[in-house]
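One file, work_31.pdb, carrying PDB, C-alpha atoms:
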```
ATOM      1  CA  ILE A 106       0.000   0.000   0.000
ATOM      2  CA  ARG A 107       1.112   3.551  -0.514
ATOM      3  CA  CYS A 108      -0.187   6.291   1.748
ATOM      4  CA  THR A 109      -0.682   9.848   0.535
ATOM      5  CA  TYR A 110       2.184  10.874   2.854
ATOM      6  CA  PHE A 111       4.455   8.007   1.765
ATOM      7  CA  ASP A 112       8.066   9.217   1.980
ATOM      8  CA  THR A 113      10.062   6.162   0.938
ATOM      9  CA  ALA A 114       9.644   6.149  -2.840
ATOM     10  CA  HIS A 115      13.181   4.798  -3.101
ATOM     11  CA  ALA A 116      11.965   1.443  -1.714
ATOM     12  CA  LEU A 117       8.920   0.598  -3.789
ATOM     13  CA  LYS A 118      10.127  -2.183  -6.053
ATOM     14  CA  GLU A 119      12.133  -5.330  -5.493
ATOM     15  CA  SER A 120      14.774  -3.865  -7.826
ATOM     16  CA  ASP A 121      15.236  -0.975  -5.348
ATOM     17  CA  ALA A 122      16.828  -3.310  -2.809
ATOM     18  CA  GLU A 123      20.557  -2.853  -2.334
ATOM     19  CA  GLU A 124      21.053  -6.550  -1.609
ATOM     20  CA  PHE A 125      19.196  -9.766  -0.921
ATOM     21  CA  LEU A 126      20.214 -12.089   1.893
ATOM     22  CA  THR A 127      19.532 -15.752   2.484
ATOM     23  CA  LYS A 128      18.150 -16.769   5.872
ATOM     24  CA  GLU A 129      21.633 -17.865   6.950
ATOM     25  CA  GLU A 130      23.237 -14.620   5.754
ATOM     26  CA  LEU A 131      20.616 -12.534   7.547
ATOM     27  CA  LEU A 132      21.015 -14.478  10.801
ATOM     28  CA  GLY A 133      24.805 -14.200  10.491
ATOM     29  CA  ARG A 134      24.629 -10.452  10.019
ATOM     30  CA  ILE A 135      22.283 -10.043  12.985
ATOM     31  CA  ARG A 136      24.502 -12.186  15.203
ATOM     32  CA  SER A 137      27.609 -10.187  14.219
ATOM     33  CA  TYR A 138      26.373  -7.174  16.202
ATOM     34  CA  PRO A 139      26.517  -6.931  20.003
ATOM     35  CA  TRP A 140      22.899  -5.709  20.298
ATOM     36  CA  LYS A 141      20.080  -8.072  21.172
ATOM     37  CA  ARG A 142      17.265  -5.926  19.787
ATOM     38  CA  ILE A 143      16.160  -6.179  16.188
ATOM     39  CA  THR A 144      13.460  -4.377  14.219
ATOM     40  CA  PHE A 145      12.081  -5.674  10.955
ATOM     41  CA  THR A 146      10.581  -2.787   9.036
ATOM     42  CA  GLY A 147       9.627  -2.116   5.473
ATOM     43  CA  GLY A 148       8.155  -1.802   3.038
ATOM     44  CA  GLU A 149       6.130  -4.503   4.691
ATOM     45  CA  PRO A 150       8.231  -7.135   6.487
ATOM     46  CA  LEU A 151       5.341  -9.582   6.880
ATOM     47  CA  LEU A 152       5.375 -10.131   3.113
ATOM     48  CA  HIS A 153       8.584 -12.099   3.736
ATOM     49  CA  PRO A 154       9.026 -15.505   5.421
ATOM     50  CA  LEU A 155       9.933 -14.283   8.910
ATOM     51  CA  GLN A 156       8.361 -16.939  11.155
ATOM     52  CA  GLU A 157      11.390 -19.256  11.325
ATOM     53  CA  ILE A 158      13.861 -16.377  11.636
ATOM     54  CA  CYS A 159      11.838 -14.867  14.503
ATOM     55  CA  ASP A 160      11.562 -18.254  16.206
ATOM     56  CA  ILE A 161      15.347 -18.721  16.056
ATOM     57  CA  LEU A 162      16.127 -15.183  17.231
ATOM     58  CA  GLY A 163      13.553 -15.391  20.016
ATOM     59  CA  GLU A 164      15.114 -18.618  21.306
ATOM     60  CA  GLU A 165      18.512 -16.880  21.245
ATOM     61  CA  GLY A 166      17.205 -14.101  23.504
ATOM     62  CA  TYR A 167      16.715 -11.345  20.936
ATOM     63  CA  GLU A 168      13.940  -8.802  21.419
ATOM     64  CA  ILE A 169      12.167  -8.661  18.063
ATOM     65  CA  ASN A 170       9.966  -5.823  16.832
ATOM     66  CA  ILE A 171       8.046  -6.195  13.591
ATOM     67  CA  GLU A 172       6.812  -2.876  12.214
ATOM     68  CA  THR A 173       3.806  -3.666  10.041
ATOM     69  CA  ASN A 174       1.440  -1.505   8.052
ATOM     70  CA  GLY A 175      -1.512  -3.521   9.391
ATOM     71  CA  ALA A 176      -2.766  -4.574   5.959
ATOM     72  CA  VAL A 177      -1.499  -8.170   6.058
ATOM     73  CA  PRO A 178      -1.926 -11.003   8.589
ATOM     74  CA  LEU A 179       0.400 -11.154  11.571
ATOM     75  CA  LEU A 180       2.654 -14.184  12.006
ATOM     76  CA  ALA A 181       0.888 -17.511  12.570
ATOM     77  CA  ARG A 182       2.399 -17.733  16.053
ATOM     78  CA  ARG A 183       4.103 -15.218  18.280
ATOM     79  CA  SER A 184       7.764 -16.032  18.745
ATOM     80  CA  GLN A 185       9.399 -15.572  22.113
ATOM     81  CA  ASN A 186      10.317 -11.903  22.830
ATOM     82  CA  LEU A 187       8.389 -10.621  19.791
ATOM     83  CA  PHE A 188       6.189  -7.550  19.691
ATOM     84  CA  TYR A 189       4.472  -5.662  16.905
ATOM     85  CA  THR A 190       4.379  -2.002  16.062
ATOM     86  CA  MET A 191       1.315  -1.827  13.858
ATOM     87  CA  ASP A 192       0.191   1.218  11.941
ATOM     88  CA  TYR A 193      -3.462   1.997  11.600
ATOM     89  CA  LYS A 194      -3.977   3.867   8.343
ATOM     90  CA  CYS A 195      -6.464   6.680   8.919
ATOM     91  CA  THR A 196      -8.786   8.324   6.379
ATOM     92  CA  ASP A 197      -6.368  10.891   4.958
ATOM     93  CA  SER A 198      -3.760   8.204   4.217
ATOM     94  CA  GLY A 199      -6.018   6.972   1.409
ATOM     95  CA  MET A 200      -5.359   3.426   2.642
ATOM     96  CA  LYS A 201      -7.905   2.964   5.430
ATOM     97  CA  SER A 202      -9.812   0.344   3.411
ATOM     98  CA  PHE A 203      -6.701  -1.874   3.387
ATOM     99  CA  MET A 204      -6.570  -2.229   7.167
ATOM    100  CA  ARG A 205      -6.894  -5.828   8.340
ATOM    101  CA  LEU A 206      -9.110  -5.264  11.363
ATOM    102  CA  PRO A 207      -8.713  -8.838  12.749
ATOM    103  CA  ASN A 208      -5.076  -7.898  13.487
ATOM    104  CA  LEU A 209      -6.336  -5.491  16.160
ATOM    105  CA  LYS A 210      -7.718  -8.409  18.188
ATOM    106  CA  GLU A 211      -4.288 -10.076  18.166
ATOM    107  CA  LEU A 212      -2.460  -7.118  19.702
ATOM    108  CA  THR A 213      -1.426  -7.412  23.343
ATOM    109  CA  GLU A 214      -0.172  -4.969  25.969
ATOM    110  CA  GLU A 215       3.346  -5.711  24.681
ATOM    111  CA  ASP A 216       2.518  -4.270  21.263
ATOM    112  CA  VAL A 217       2.217  -0.750  19.859
ATOM    113  CA  LEU A 218      -0.605   0.619  17.736
ATOM    114  CA  LYS A 219       0.525   3.729  15.903
ATOM    115  CA  PHE A 220      -1.613   6.353  14.187
ATOM    116  CA  VAL A 221       0.043   8.714  11.712
ATOM    117  CA  VAL A 222      -2.354  11.611  11.309
ATOM    118  CA  SER A 223      -2.673  14.659   9.124
ATOM    119  CA  SER A 224      -6.049  16.095  10.138
ATOM    120  CA  LYS A 225      -8.845  16.255  12.690
ATOM    121  CA  THR A 226     -10.584  13.484  10.711
ATOM    122  CA  ASP A 227      -7.581  11.224  11.295
ATOM    123  CA  LEU A 228      -7.589  12.082  14.991
ATOM    124  CA  GLU A 229     -11.262  11.106  15.147
ATOM    125  CA  ASP A 230     -10.407   7.800  13.402
ATOM    126  CA  MET A 231      -7.807   7.136  16.105
ATOM    127  CA  LYS A 232     -10.258   7.833  18.912
ATOM    128  CA  GLU A 233     -12.911   5.607  17.312
ATOM    129  CA  ILE A 234     -10.532   2.648  16.950
ATOM    130  CA  ILE A 235      -9.279   2.946  20.522
ATOM    131  CA  ILE A 236     -12.809   3.142  21.953
ATOM    132  CA  LYS A 237     -14.258   0.396  19.729
ATOM    133  CA  TYR A 238     -11.474  -2.194  19.915
ATOM    134  CA  PHE A 239      -9.765  -1.439  23.231
ATOM    135  CA  PRO A 240     -12.380  -0.329  25.762
ATOM    136  CA  ARG A 241     -10.510  -2.062  28.595
ATOM    137  CA  GLY A 242      -6.926  -1.398  27.553
ATOM    138  CA  GLY A 243      -4.698  -2.976  24.962
ATOM    139  CA  PRO A 244      -1.457  -2.135  23.248
ATOM    140  CA  LYS A 245       0.515   1.055  23.746
ATOM    141  CA  PHE A 246      -0.972   3.831  21.599
ATOM    142  CA  TYR A 247       1.121   6.391  19.731
ATOM    143  CA  VAL A 248       0.067   9.237  17.491
ATOM    144  CA  SER A 249       2.456  11.012  15.162
ATOM    145  CA  PRO A 250       1.896  13.967  12.815
ATOM    146  CA  VAL A 251       2.404  13.719   9.069
ATOM    147  CA  TRP A 252       5.355  16.006   8.442
ATOM    148  CA  GLY A 253       4.142  19.398   7.198
ATOM    149  CA  LYS A 254       0.415  18.557   7.430
ATOM    150  CA  ILE A 255      -0.460  18.979  11.101
ATOM    151  CA  GLU A 256       1.463  20.496  13.986
ATOM    152  CA  PRO A 257       2.489  18.283  16.927
ATOM    153  CA  ARG A 258       0.821  20.708  19.344
ATOM    154  CA  GLU A 259      -2.543  19.967  17.650
ATOM    155  CA  LEU A 260      -2.093  16.309  18.559
ATOM    156  CA  VAL A 261      -1.255  17.191  22.157
ATOM    157  CA  GLU A 262      -4.285  19.482  22.387
ATOM    158  CA  TYR A 263      -6.584  16.815  20.926
ATOM    159  CA  VAL A 264      -5.302  14.072  23.248
ATOM    160  CA  ARG A 265      -5.761  16.394  26.247
ATOM    161  CA  LYS A 266      -9.207  17.614  25.181
ATOM    162  CA  GLU A 267     -10.481  14.083  24.521
ATOM    163  CA  LYS A 268      -8.846  12.748  27.706
ATOM    164  CA  LEU A 269      -6.985  10.017  25.814
ATOM    165  CA  ALA A 270      -4.514   9.527  28.653
ATOM    166  CA  GLU A 271      -3.179   6.281  27.192
ATOM    167  CA  VAL A 272      -2.076   7.934  23.919
ATOM    168  CA  CYS A 273       1.546   9.082  23.590
ATOM    169  CA  VAL A 274       2.388  11.820  21.105
ATOM    170  CA  GLN A 275       5.565  11.294  19.122
ATOM    171  CA  VAL A 276       7.354  13.041  16.277
ATOM    172  CA  GLN A 277       9.683  11.863  13.532
ATOM    173  CA  LEU A 278      12.797  12.909  15.409
ATOM    174  CA  HIS A 279      15.096  12.212  12.458
ATOM    175  CA  LYS A 280      13.243  14.882  10.456
ATOM    176  CA  ILE A 281      13.935  17.402  13.206
ATOM    177  CA  ILE A 282      17.604  16.525  13.752
ATOM    178  CA  TRP A 283      18.519  16.236  10.052
ATOM    179  CA  GLU A 284      16.944  17.554   6.883
ATOM    180  CA  PRO A 285      13.431  16.101   6.460
ATOM    181  CA  ASP A 286      14.313  14.310   3.178
ATOM    182  CA  ARG A 287      17.637  12.861   4.302
ATOM    183  CA  ARG A 288      17.984   9.086   3.832
ATOM    184  CA  GLY A 289      19.917   6.582   5.874
ATOM    185  CA  VAL A 290      19.481   8.152   9.320
TER
END
```
Would you mind writing the structure in this file as C-alpha cells?
Amino acid sequence: IRCTYFDTAHALKESDAEEFLTKEELLGRIRSYPWKRITFTGGEPLLHPLQEICDILGEEGYEINIETNGAVPLLARRSQNLFYTMDYKCTDSGMKSFMRLPNLKELTEEDVLKFVVSSKTDLEDMKEIIIKYFPRGGPKFYVSPVWGKIEPRELVEYVRKEKLAEVCVQVQLHKIIWEPDRRGV
C-alpha cells in the first residue's frame, strides 16, 4: 500500500533493494552485532518468510519488533520476545480500506498501535478505533503527525481535550535533527 504521505519512494520495487540475503546470511549479520534488539521494518516485512527467523532469534534471547502496516496477517504464532508495532492507516492516508481489522484483536499490551495523522478526521479515526477495539486497555498507543500537514501541538491538544490519557504523542525525530528528506538516518 502507498499512503498519501508516503516518503520512501526509493523502496517501492524489489529492484530498489541494495542486496538480498539468504536466511543464513541474515542471521549471520544479525549475530555479528553486540545488540540483542532487532526491528524488521519495510516496506512490509510480513510479506517475507519471517516466522522461522523470529523463532530462532527469540530462542537466542533477541527482542524482536516487527513494524507492520496492518494490511497483512500477523505471524501464525508469536515467537518468544516478539512484539508488533502496527500502523493503523487513517482516512487521509487513502489506505484505510486496506486495514486488516482482525489484526487489532491479536495485539497485546506488549505491542504498539501507531496512528500517523494529518487532520482532525484522522484524529477522530484514532479515537474511534481505541474506543471500539480497546475499551478495557490494549497495546501502547502512539500518534504522530504527518510532516508538514499537522502540527504536533494539535495532537497534544486533541489528546488532552479528549482525555486520551493512554495515547503518547511522538514526532519523527530524524526529520527534526537532520533535513526532512535525508535518507539513511
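Proximity to His279 (chain A) was assessed for A:Ser223, A:Phe246, A:Ser137, A:Trp252 counting all atoms listed in the file; the smallest distance is recorded for A:Trp252.
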Which residues of region 167-205 of chain A sit at most 12 Å from region 234-238 of chain A, using all atoms listed in the file? Give each one's shortest atom pair and distance in Å (one decimal place), in chain and ascending residue order, as CSV.
```
residue,atom,partner,partner_atom,distance
A:Asp192,CA,A:Ile234,CA,11.9
A:Tyr193,CA,A:Ile234,CA,8.9
A:Lys194,CA,A:Ile234,CA,10.9
A:Cys195,CA,A:Ile234,CA,9.9
A:Lys201,CA,A:Ile234,CA,11.8
A:Met204,CA,A:Ile234,CA,11.6
```
With C-alpha atoms retained, write the just-selected residues as a PDB file, in the coordinates of the input.
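selection-v2.pdb, written as the output of this step:
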```
ATOM      1  CA  ASP A 192       0.191   1.218  11.941  1.00  0.00           C
ATOM      2  CA  TYR A 193      -3.462   1.997  11.600  1.00  0.00           C
ATOM      3  CA  LYS A 194      -3.977   3.867   8.343  1.00  0.00           C
ATOM      4  CA  CYS A 195      -6.464   6.680   8.919  1.00  0.00           C
ATOM      5  CA  LYS A 201      -7.905   2.964   5.430  1.00  0.00           C
ATOM      6  CA  MET A 204      -6.570  -2.229   7.167  1.00  0.00           C
TER       7      MET A 204
END
```
I want to know what sits within 12 Å of Gln277 (chain A), based on all atoms listed in the file, with residues of the same chain fewer than 4 positions away left out; could you give that as a CSV table (one decimal) with C-alpha atoms, in the frame of the given file?
```
chain,number,residue,atom,x,y,z
A,112,ASP,CA,8.1,9.2,2.0
A,221,VAL,CA,0.0,8.7,11.7
A,247,TYR,CA,1.1,6.4,19.7
A,248,VAL,CA,0.1,9.2,17.5
A,249,SER,CA,2.5,11.0,15.2
A,250,PRO,CA,1.9,14.0,12.8
A,251,VAL,CA,2.4,13.7,9.1
A,252,TRP,CA,5.4,16.0,8.4
A,253,GLY,CA,4.1,19.4,7.2
A,256,GLU,CA,1.5,20.5,14.0
A,257,PRO,CA,2.5,18.3,16.9
A,281,ILE,CA,13.9,17.4,13.2
A,282,ILE,CA,17.6,16.5,13.8
A,283,TRP,CA,18.5,16.2,10.1
A,284,GLU,CA,16.9,17.6,6.9
A,285,PRO,CA,13.4,16.1,6.5
A,286,ASP,CA,14.3,14.3,3.2
A,290,VAL,CA,19.5,8.2,9.3
```
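Between CA of Met191 (chain A) and CA of Asn174 (chain A) the separation is 5.8 Å.
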#### Entry: Shell of 8 Å around region 225-233 of chain A, all atoms listed in the file, local chain residues under 3 positions omitted, as an MDAnalysis selection string
chainID A and resid 195:197 220 222 236:237 260 263 269
### Task
Evaluate the PyMOL selection byres ((chain A and resi 148-158) around 8) here and jot the selected residues down as a list in words.
Ala116, Leu117, Lys128, Leu132, Phe145, Thr146, Gly147, Cys159, Asp160, Ile161, Leu162, Ile171, Glu172, Thr173, Asn174, Val177, Pro178, Leu179, Leu180, Ala181, Arg182 and Ser184 of chain A
Store the residues picked out above in a file with C-alpha atoms, as an mmCIF file, keeping the file's coordinate frame.
```cif
data_model
loop_
_atom_site.group_PDB
_atom_site.id
_atom_site.type_symbol
_atom_site.label_atom_id
_atom_site.label_comp_id
_atom_site.auth_asym_id
_atom_site.auth_seq_id
_atom_site.Cartn_x
_atom_site.Cartn_y
_atom_site.Cartn_z
ATOM 1 C CA ALA A 116 11.965 1.443 -1.714
ATOM 2 C CA LEU A 117 8.920 0.598 -3.789
ATOM 3 C CA LYS A 128 18.150 -16.769 5.872
ATOM 4 C CA LEU A 132 21.015 -14.478 10.801
ATOM 5 C CA PHE A 145 12.081 -5.674 10.955
ATOM 6 C CA THR A 146 10.581 -2.787 9.036
ATOM 7 C CA GLY A 147 9.627 -2.116 5.473
ATOM 8 C CA CYS A 159 11.838 -14.867 14.503
ATOM 9 C CA ASP A 160 11.562 -18.254 16.206
ATOM 10 C CA ILE A 161 15.347 -18.721 16.056
ATOM 11 C CA LEU A 162 16.127 -15.183 17.231
ATOM 12 C CA ILE A 171 8.046 -6.195 13.591
ATOM 13 C CA GLU A 172 6.812 -2.876 12.214
ATOM 14 C CA THR A 173 3.806 -3.666 10.041
ATOM 15 C CA ASN A 174 1.440 -1.505 8.052
ATOM 16 C CA VAL A 177 -1.499 -8.170 6.058
ATOM 17 C CA PRO A 178 -1.926 -11.003 8.589
ATOM 18 C CA LEU A 179 0.400 -11.154 11.571
ATOM 19 C CA LEU A 180 2.654 -14.184 12.006
ATOM 20 C CA ALA A 181 0.888 -17.511 12.570
ATOM 21 C CA ARG A 182 2.399 -17.733 16.053
ATOM 22 C CA SER A 184 7.764 -16.032 18.745
#
```
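Counting all atoms listed in the file and comparing A:Lys254, A:Lys266, A:Arg183, A:Arg241, the residue that lies closest to Asp216 (chain A) is A:Arg183.
Near Lys210 (chain A), within 10 Å and counting all atoms listed in the file, sit Leu206, Pro207, Asn208, Leu212, Thr213, Tyr238, Phe239 and Gly243 of chain A; same-chain residues fewer than 2 positions away were not included.
Atom pair CA of Tyr167 (chain A) / CA of Lys219 (chain A) has a distance of 22.7 Å (rounded to one decimal).
Of note, CA of Arg265 (chain A) and CA of Met200 (chain A) are spaced 26.9 Å apart.
Distance check against Asn170 (chain A) using all atoms listed in the file: of A:Arg287, A:Arg142, A:Arg136, A:Lys280, the minimum falls on A:Arg142.
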Please, which residues are within 6 Å of (11.1, -7.4, 20.5) by the file's coordinates, counting all atoms listed in the file, and could they come as a PDB file with C-alpha atoms, keeping the file's coordinate frame?
```pdb
ATOM      1  CA  GLU A 168      13.940  -8.802  21.419  1.00  0.00           C
ATOM      2  CA  ILE A 169      12.167  -8.661  18.063  1.00  0.00           C
ATOM      3  CA  ASN A 170       9.966  -5.823  16.832  1.00  0.00           C
ATOM      4  CA  ASN A 186      10.317 -11.903  22.830  1.00  0.00           C
ATOM      5  CA  LEU A 187       8.389 -10.621  19.791  1.00  0.00           C
ATOM      6  CA  PHE A 188       6.189  -7.550  19.691  1.00  0.00           C
TER       7      PHE A 188
END
```
Could region 129-140 of chain A be completed with all heavy atoms and written as a compact mmCIF listing (two decimals), in the frame of the given file, please?
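Output below, filename part39.txt:
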```txt
# COMPACT_ATOMS: atom_id res chain seq x y z
N GLU A 129 20.37 -17.69 6.23
CA GLU A 129 21.63 -17.86 6.95
C GLU A 129 22.46 -16.59 6.95
O GLU A 129 23.07 -16.24 7.96
CB GLU A 129 22.44 -19.03 6.33
CG GLU A 129 21.82 -20.40 6.53
CD GLU A 129 20.61 -20.67 5.62
OE1 GLU A 129 20.46 -20.02 4.56
OE2 GLU A 129 19.79 -21.52 6.02
N GLU A 130 22.50 -15.88 5.82
CA GLU A 130 23.24 -14.62 5.75
C GLU A 130 22.62 -13.57 6.68
O GLU A 130 23.33 -12.85 7.37
CB GLU A 130 23.27 -14.09 4.31
CG GLU A 130 24.13 -14.91 3.37
CD GLU A 130 23.95 -14.51 1.91
OE1 GLU A 130 22.85 -14.04 1.53
OE2 GLU A 130 24.91 -14.68 1.16
N LEU A 131 21.29 -13.50 6.69
CA LEU A 131 20.62 -12.53 7.55
C LEU A 131 20.89 -12.85 9.02
O LEU A 131 21.26 -11.95 9.79
CB LEU A 131 19.11 -12.54 7.28
CG LEU A 131 18.27 -11.60 8.15
CD1 LEU A 131 18.71 -10.15 7.99
CD2 LEU A 131 16.79 -11.74 7.81
N LEU A 132 20.74 -14.10 9.41
CA LEU A 132 21.02 -14.48 10.80
C LEU A 132 22.47 -14.20 11.16
O LEU A 132 22.77 -13.70 12.25
CB LEU A 132 20.68 -15.95 11.04
CG LEU A 132 19.18 -16.27 11.07
CD1 LEU A 132 18.96 -17.78 11.04
CD2 LEU A 132 18.50 -15.65 12.27
N GLY A 133 23.39 -14.48 10.25
CA GLY A 133 24.80 -14.20 10.49
C GLY A 133 25.07 -12.73 10.69
O GLY A 133 25.83 -12.33 11.60
N ARG A 134 24.44 -11.90 9.89
CA ARG A 134 24.63 -10.45 10.02
C ARG A 134 24.07 -9.97 11.36
O ARG A 134 24.70 -9.18 12.06
CB ARG A 134 23.97 -9.71 8.87
CG ARG A 134 24.26 -8.23 8.96
CD ARG A 134 23.96 -7.45 7.74
NE ARG A 134 24.71 -7.89 6.59
CZ ARG A 134 24.50 -7.42 5.37
NH1 ARG A 134 23.60 -6.49 5.17
NH2 ARG A 134 25.19 -7.86 4.35
N ILE A 135 22.89 -10.44 11.71
CA ILE A 135 22.28 -10.04 12.98
C ILE A 135 23.18 -10.45 14.15
O ILE A 135 23.45 -9.67 15.06
CB ILE A 135 20.87 -10.65 13.12
CG1 ILE A 135 19.93 -10.00 12.12
CG2 ILE A 135 20.34 -10.51 14.56
CD1 ILE A 135 18.59 -10.70 11.96
N ARG A 136 23.67 -11.67 14.11
CA ARG A 136 24.50 -12.19 15.20
C ARG A 136 25.87 -11.51 15.28
O ARG A 136 26.53 -11.59 16.31
CB ARG A 136 24.69 -13.69 15.03
CG ARG A 136 23.42 -14.49 15.26
CD ARG A 136 23.63 -15.93 14.88
NE ARG A 136 22.46 -16.73 15.09
CZ ARG A 136 22.07 -17.71 14.26
NH1 ARG A 136 22.78 -18.01 13.17
NH2 ARG A 136 20.98 -18.40 14.52
N SER A 137 26.29 -10.83 14.22
CA SER A 137 27.61 -10.19 14.22
C SER A 137 27.63 -8.90 15.04
O SER A 137 28.70 -8.38 15.33
CB SER A 137 28.05 -9.89 12.78
OG SER A 137 27.32 -8.80 12.23
N TYR A 138 26.46 -8.39 15.40
CA TYR A 138 26.37 -7.17 16.20
C TYR A 138 26.20 -7.52 17.68
O TYR A 138 25.63 -8.55 18.01
CB TYR A 138 25.20 -6.31 15.73
CG TYR A 138 25.38 -5.76 14.34
CD1 TYR A 138 24.70 -6.32 13.27
CD2 TYR A 138 26.23 -4.69 14.10
CE1 TYR A 138 24.87 -5.83 11.98
CE2 TYR A 138 26.40 -4.19 12.83
CZ TYR A 138 25.72 -4.76 11.76
OH TYR A 138 25.89 -4.27 10.50
N PRO A 139 26.64 -6.63 18.58
CA PRO A 139 26.52 -6.93 20.00
C PRO A 139 25.10 -6.71 20.56
O PRO A 139 24.79 -7.15 21.65
CB PRO A 139 27.50 -5.95 20.65
CG PRO A 139 27.58 -4.80 19.70
CD PRO A 139 27.40 -5.40 18.33
N TRP A 140 24.23 -6.05 19.80
CA TRP A 140 22.90 -5.71 20.30
C TRP A 140 21.96 -6.90 20.20
O TRP A 140 22.03 -7.69 19.28
CB TRP A 140 22.33 -4.52 19.53
CG TRP A 140 23.26 -3.36 19.61
CD1 TRP A 140 23.44 -2.53 20.68
CD2 TRP A 140 24.17 -2.92 18.61
NE1 TRP A 140 24.40 -1.59 20.39
CE2 TRP A 140 24.86 -1.81 19.13
CE3 TRP A 140 24.47 -3.36 17.32
CZ2 TRP A 140 25.83 -1.12 18.40
CZ3 TRP A 140 25.43 -2.68 16.60
CH2 TRP A 140 26.09 -1.58 17.14
```
